[in-house]
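What follows is the content of entry_27.pdb, which has PDB, C-alpha atoms, pLDDT in the B column:
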ATOM      1  CA  MET G   1       0.000   0.000   0.000  1.00 51.00           C
ATOM      2  CA  GLU G   2       1.442   3.334  -1.082  1.00 61.00           C
ATOM      3  CA  ARG G   3       1.279   6.221   1.363  1.00 65.00           C
ATOM      4  CA  ASN G   4       0.238   9.466  -0.228  1.00 64.00           C
ATOM      5  CA  GLU G   5       1.125  11.645   2.764  1.00 76.00           C
ATOM      6  CA  ARG G   6       3.046  14.862   2.567  1.00 85.00           C
ATOM      7  CA  ILE G   7       6.032  14.599   4.906  1.00 92.00           C
ATOM      8  CA  VAL G   8       7.539  17.884   6.070  1.00 91.00           C
ATOM      9  CA  ARG G   9      11.246  17.761   6.852  1.00 92.00           C
ATOM     10  CA  SER G  10      12.203  21.380   6.154  1.00 94.00           C
ATOM     11  CA  PHE G  11      12.003  24.173   8.710  1.00 92.00           C
ATOM     12  CA  THR G  12      11.047  26.748   6.080  1.00 92.00           C
ATOM     13  CA  GLN G  13       8.371  24.444   4.667  1.00 93.00           C
ATOM     14  CA  ALA G  14       6.875  23.920   8.156  1.00 93.00           C
ATOM     15  CA  LEU G  15       7.021  27.656   8.813  1.00 92.00           C
ATOM     16  CA  GLY G  16       4.983  28.312   5.678  1.00 92.00           C
ATOM     17  CA  LEU G  17       2.299  25.863   6.839  1.00 94.00           C
ATOM     18  CA  LEU G  18       1.796  27.331  10.319  1.00 95.00           C
ATOM     19  CA  ASN G  19      -1.628  28.911  10.786  1.00 95.00           C
ATOM     20  CA  ARG G  20      -2.339  28.126   7.120  1.00 94.00           C
ATOM     21  CA  GLY G  21       0.359  30.535   5.970  1.00 93.00           C
ATOM     22  CA  LYS G  22      -0.796  33.438   8.123  1.00 96.00           C
ATOM     23  CA  PHE G  23       2.207  33.159  10.455  1.00 97.00           C
ATOM     24  CA  SER G  24       4.560  33.577   7.512  1.00 96.00           C
ATOM     25  CA  GLU G  25       2.579  36.668   6.457  1.00 96.00           C
ATOM     26  CA  LYS G  26       2.896  38.026  10.002  1.00 97.00           C
ATOM     27  CA  LEU G  27       6.667  37.472   9.903  1.00 97.00           C
ATOM     28  CA  ASP G  28       6.868  39.344   6.595  1.00 97.00           C
ATOM     29  CA  ALA G  29       4.922  42.250   8.115  1.00 97.00           C
ATOM     30  CA  GLU G  30       7.101  42.326  11.253  1.00 97.00           C
ATOM     31  CA  LEU G  31      10.258  42.243   9.149  1.00 97.00           C
ATOM     32  CA  GLY G  32       8.890  45.190   7.179  1.00 97.00           C
ATOM     33  CA  ARG G  33       8.209  47.082  10.422  1.00 96.00           C
ATOM     34  CA  ALA G  34      11.750  46.381  11.627  1.00 96.00           C
ATOM     35  CA  LEU G  35      13.303  47.616   8.383  1.00 96.00           C
ATOM     36  CA  GLU G  36      11.133  50.747   8.382  1.00 95.00           C
ATOM     37  CA  ALA G  37      12.102  51.497  11.992  1.00 94.00           C
ATOM     38  CA  LEU G  38      15.795  51.110  11.105  1.00 94.00           C
ATOM     39  CA  GLU G  39      15.473  53.395   8.075  1.00 94.00           C
ATOM     40  CA  GLN G  40      13.746  56.090  10.145  1.00 92.00           C
ATOM     41  CA  HIS G  41      16.133  55.867  13.096  1.00 91.00           C
ATOM     42  CA  PRO G  42      18.108  59.109  13.473  1.00 88.00           C
ATOM     43  CA  GLU G  43      21.335  57.427  14.584  1.00 87.00           C
ATOM     44  CA  GLU G  44      23.940  56.083  12.171  1.00 88.00           C
ATOM     45  CA  LYS G  45      23.895  52.713  13.941  1.00 92.00           C
ATOM     46  CA  ALA G  46      20.737  51.006  15.205  1.00 93.00           C
ATOM     47  CA  LYS G  47      19.614  47.438  15.884  1.00 95.00           C
ATOM     48  CA  ALA G  48      16.241  45.683  15.792  1.00 96.00           C
ATOM     49  CA  THR G  49      15.553  42.097  16.850  1.00 97.00           C
ATOM     50  CA  LEU G  50      12.864  39.798  15.469  1.00 97.00           C
ATOM     51  CA  THR G  51      12.516  36.668  17.595  1.00 98.00           C
ATOM     52  CA  VAL G  52      10.614  33.618  16.340  1.00 97.00           C
ATOM     53  CA  THR G  53       9.606  30.951  18.842  1.00 97.00           C
ATOM     54  CA  LEU G  54       8.069  27.603  17.989  1.00 96.00           C
ATOM     55  CA  GLU G  55       6.547  25.713  20.900  1.00 97.00           C
ATOM     56  CA  LEU G  56       6.261  22.024  20.009  1.00 96.00           C
ATOM     57  CA  THR G  57       3.923  19.934  22.153  1.00 97.00           C
ATOM     58  CA  LYS G  58       3.414  16.188  21.826  1.00 97.00           C
ATOM     59  CA  LEU G  59      -0.207  15.194  22.377  1.00 95.00           C
ATOM     60  CA  GLY G  60      -0.510  11.433  22.077  1.00 96.00           C
ATOM     61  CA  ASP G  61       0.285  10.538  18.489  1.00 96.00           C
ATOM     62  CA  LYS G  62       0.371  14.132  17.187  1.00 96.00           C
ATOM     63  CA  VAL G  63       2.552  17.214  17.575  1.00 95.00           C
ATOM     64  CA  ASP G  64       1.119  20.726  17.863  1.00 96.00           C
ATOM     65  CA  ILE G  65       3.323  23.667  16.903  1.00 96.00           C
ATOM     66  CA  LYS G  66       2.437  27.057  18.348  1.00 97.00           C
ATOM     67  CA  PRO G  67       4.367  29.918  16.699  1.00 97.00           C
ATOM     68  CA  THR G  68       5.016  33.353  18.179  1.00 97.00           C
ATOM     69  CA  CYS G  69       7.111  36.265  17.023  1.00 97.00           C
ATOM     70  CA  LYS G  70       8.271  39.333  18.879  1.00 98.00           C
ATOM     71  CA  LEU G  71       9.761  42.471  17.384  1.00 97.00           C
ATOM     72  CA  LYS G  72      12.097  44.605  19.445  1.00 97.00           C
ATOM     73  CA  PRO G  73      12.501  47.834  17.459  1.00 94.00           C
ATOM     74  CA  PRO G  74      15.659  49.947  17.701  1.00 93.00           C
ATOM     75  CA  GLU G  75      15.937  51.845  20.933  1.00 88.00           C
ATOM     76  CA  GLU G  76      15.397  55.553  20.761  1.00 79.00           C
ATOM     77  CA  LYS G  77      18.282  57.688  21.839  1.00 74.00           C
ATOM     78  CA  GLY G  78      17.939  58.407  25.538  1.00 67.00           C
ATOM     79  CA  LEU G  79      17.658  61.862  26.967  1.00 66.00           C
ATOM     80  CA  HIS G  80      20.753  63.358  28.522  1.00 72.00           C
ATOM     81  CA  SER G  81      20.917  64.120  32.200  1.00 79.00           C
ATOM     82  CA  THR G  82      20.866  67.677  33.518  1.00 81.00           C
ATOM     83  CA  THR G  83      23.082  68.560  36.455  1.00 82.00           C
ATOM     84  CA  PHE G  84      21.571  70.379  39.422  1.00 77.00           C
ATOM     85  CA  TRP G  85      23.089  71.450  42.728  1.00 81.00           C
ATOM     86  CA  PRO G  86      21.101  71.304  45.958  1.00 82.00           C
ATOM     87  CA  LEU G  87      20.537  74.797  47.294  1.00 78.00           C
ATOM     88  CA  GLU G  88      18.342  76.061  50.143  1.00 82.00           C
ATOM     89  CA  GLY G  89      15.994  73.081  50.054  1.00 83.00           C
ATOM     90  CA  GLY G  90      15.647  73.173  46.247  1.00 83.00           C
ATOM     91  CA  LEU G  91      17.686  72.667  43.089  1.00 79.00           C
ATOM     92  CA  SER G  92      19.850  75.114  41.176  1.00 80.00           C
ATOM     93  CA  VAL G  93      21.433  74.839  37.734  1.00 78.00           C
ATOM     94  CA  GLN G  94      24.125  77.292  38.856  1.00 76.00           C
ATOM     95  CA  HIS G  95      27.301  75.846  40.349  1.00 72.00           C
ATOM     96  CA  PRO G  96      27.718  77.378  43.804  1.00 70.00           C
ATOM     97  CA  SER G  97      31.265  78.601  43.116  1.00 71.00           C
ATOM     98  CA  GLN G  98      30.515  80.209  39.739  1.00 70.00           C
ATOM     99  CA  THR G  99      29.137  83.662  39.061  1.00 62.00           C
ATOM    100  CA  ASP G 100      25.586  83.813  37.720  1.00 60.00           C
ATOM    101  CA  MET G 101      26.005  84.868  34.112  1.00 61.00           C
ATOM    102  CA  PHE G 102      22.242  85.051  33.549  1.00 62.00           C
ATOM    103  CA  ALA G 103      21.473  87.582  36.312  1.00 64.00           C
ATOM    104  CA  GLY G 104      21.782  90.500  33.901  1.00 64.00           C
ATOM    105  CA  PRO G 105      24.573  92.954  33.057  1.00 67.00           C
ATOM    106  CA  ARG G 106      27.215  93.587  35.668  1.00 64.00           C
ATOM    107  CA  ASP G 107      29.086  96.811  36.237  1.00 68.00           C
ATOM    108  CA  ALA G 108      32.336  96.579  34.294  1.00 67.00           C
ATOM    109  CA  SER G 109      33.648 100.075  35.203  1.00 71.00           C
ATOM    110  CA  ALA G 110      35.833  98.712  37.997  1.00 65.00           C
ATOM    111  CA  ARG G 111      37.929  96.760  35.471  1.00 63.00           C
ATOM    112  CA  VAL G 112      41.417  97.967  34.825  1.00 63.00           C
ATOM    113  CA  SER G 113      42.578  97.568  31.236  1.00 59.00           C
ATOM    114  CA  GLY G 114      45.977  96.432  30.959  1.00 56.00           C
TER     115      GLY G 114
END
structure tokens encoding of this file:
Amino acid sequence: MERNERIVRSFTQALGLLNRGKFSEKLDAELGRALEALEQHPEEKAKATLTVTLELTKLGDKVDIKPTCKLKPPEEKGLHSTTFWPLEGGLSVQHPSQTDMFAGPRDASARVSG
């Protein structure tokens, strides 16, 4: 008796069969999102990660495969810190030992030119 069964031995072939091809379509869409995010990233160097997980479960004489994918887009450039100095129960952006250059014009007549 000849068996007329389709035997899948290729990862890519199995991937195309998951969820009747819809998982492969989802992967294509996520790859497109990753590439778009990389193209739009303002930095010269950026990295995105697309993770595919296949959970294989044996149930008696059959095997169920549950696919998932997760896209980690490139990280946005973080904001820089701003330095403050504690002063009188609050915060100041002026270093305590420096003159306040934003307080307005100062009298320069006492300067001796030399």
- Run the PyMOL selection byres ((chain G and resi 67-76) around 8) against the file shown and list the residues it catches, as a list in words. Leu18, Phe23, Leu27, Glu30, Ala34, Ala37, Leu38, His41, Ala46, Lys47, Ala48, Thr49, Leu50, Thr51, Val52, Thr53, Leu54, Glu55, Ile65, Lys66, Lys77 and Gly78 of chain G
For the selection just defined, write its residues with C-alpha atoms to a file, as a compact mmCIF listing (two decimals), in the frame of the given file.
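Result written to selection.txt:
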# COMPACT_ATOMS: atom_id res chain seq x y z
CA LEU G 18 1.80 27.33 10.32
CA PHE G 23 2.21 33.16 10.46
CA LEU G 27 6.67 37.47 9.90
CA GLU G 30 7.10 42.33 11.25
CA ALA G 34 11.75 46.38 11.63
CA ALA G 37 12.10 51.50 11.99
CA LEU G 38 15.80 51.11 11.10
CA HIS G 41 16.13 55.87 13.10
CA ALA G 46 20.74 51.01 15.20
CA LYS G 47 19.61 47.44 15.88
CA ALA G 48 16.24 45.68 15.79
CA THR G 49 15.55 42.10 16.85
CA LEU G 50 12.86 39.80 15.47
CA THR G 51 12.52 36.67 17.60
CA VAL G 52 10.61 33.62 16.34
CA THR G 53 9.61 30.95 18.84
CA LEU G 54 8.07 27.60 17.99
CA GLU G 55 6.55 25.71 20.90
CA ILE G 65 3.32 23.67 16.90
CA LYS G 66 2.44 27.06 18.35
CA LYS G 77 18.28 57.69 21.84
CA GLY G 78 17.94 58.41 25.54
As a check of understanding: the span from CA of Arg33 in chain G to CA of His80 in chain G is 27.4 Å
Students should find that CA of Glu36 in chain G and CA of Phe11 in chain G are spaced 26.6 Å
Quick one: everything within 8 Å of Phe84 in chain G, counting only C-alpha atoms, minus sequence neighbours fewer than 3 positions away in the same chain. Send it as a ChimeraX atom specification. /G:91-95
Go ahead and write the residues just picked, C-alpha atoms, as an mmCIF file, keeping the file's coordinate frame.
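Below is the file result34.cif, written as the result:
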data_model
loop_
_atom_site.group_PDB
_atom_site.id
_atom_site.type_symbol
_atom_site.label_atom_id
_atom_site.label_comp_id
_atom_site.auth_asym_id
_atom_site.auth_seq_id
_atom_site.Cartn_x
_atom_site.Cartn_y
_atom_site.Cartn_z
ATOM 1 C CA LEU G 91 17.686 72.667 43.089
ATOM 2 C CA SER G 92 19.850 75.114 41.176
ATOM 3 C CA VAL G 93 21.433 74.839 37.734
ATOM 4 C CA GLN G 94 24.125 77.292 38.856
ATOM 5 C CA HIS G 95 27.301 75.846 40.349
#
Would you compute, for all listed atoms of range 72-89 of chain G, the axis-aligned bounding box grown by 3 Å on each side, and then report its centre and edge lengths in Å rounded to one decimal, as lines of an AutoDock Vina configuration file?
center_x = 17.6
center_y = 60.3
center_z = 33.8
size_x = 17.0
size_y = 37.5
size_z = 38.7
Quote the spacing between CA of Ile7 in chain G and CA of Lys62 in chain G in Å to one decimal place.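 Atom-to-atom, CA of Ile7 in chain G to CA of Lys62 in chain G, that is 13.5 Å.
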Item to complete: Measuring atom to atom with all atoms listed in the file, identify which of G:Trp85, G:Asp64, G:Leu59, G:Glu39 is nearest to Asn19 in chain G.
Response: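 Under the stated criterion, the closest residue is G:Asp64.
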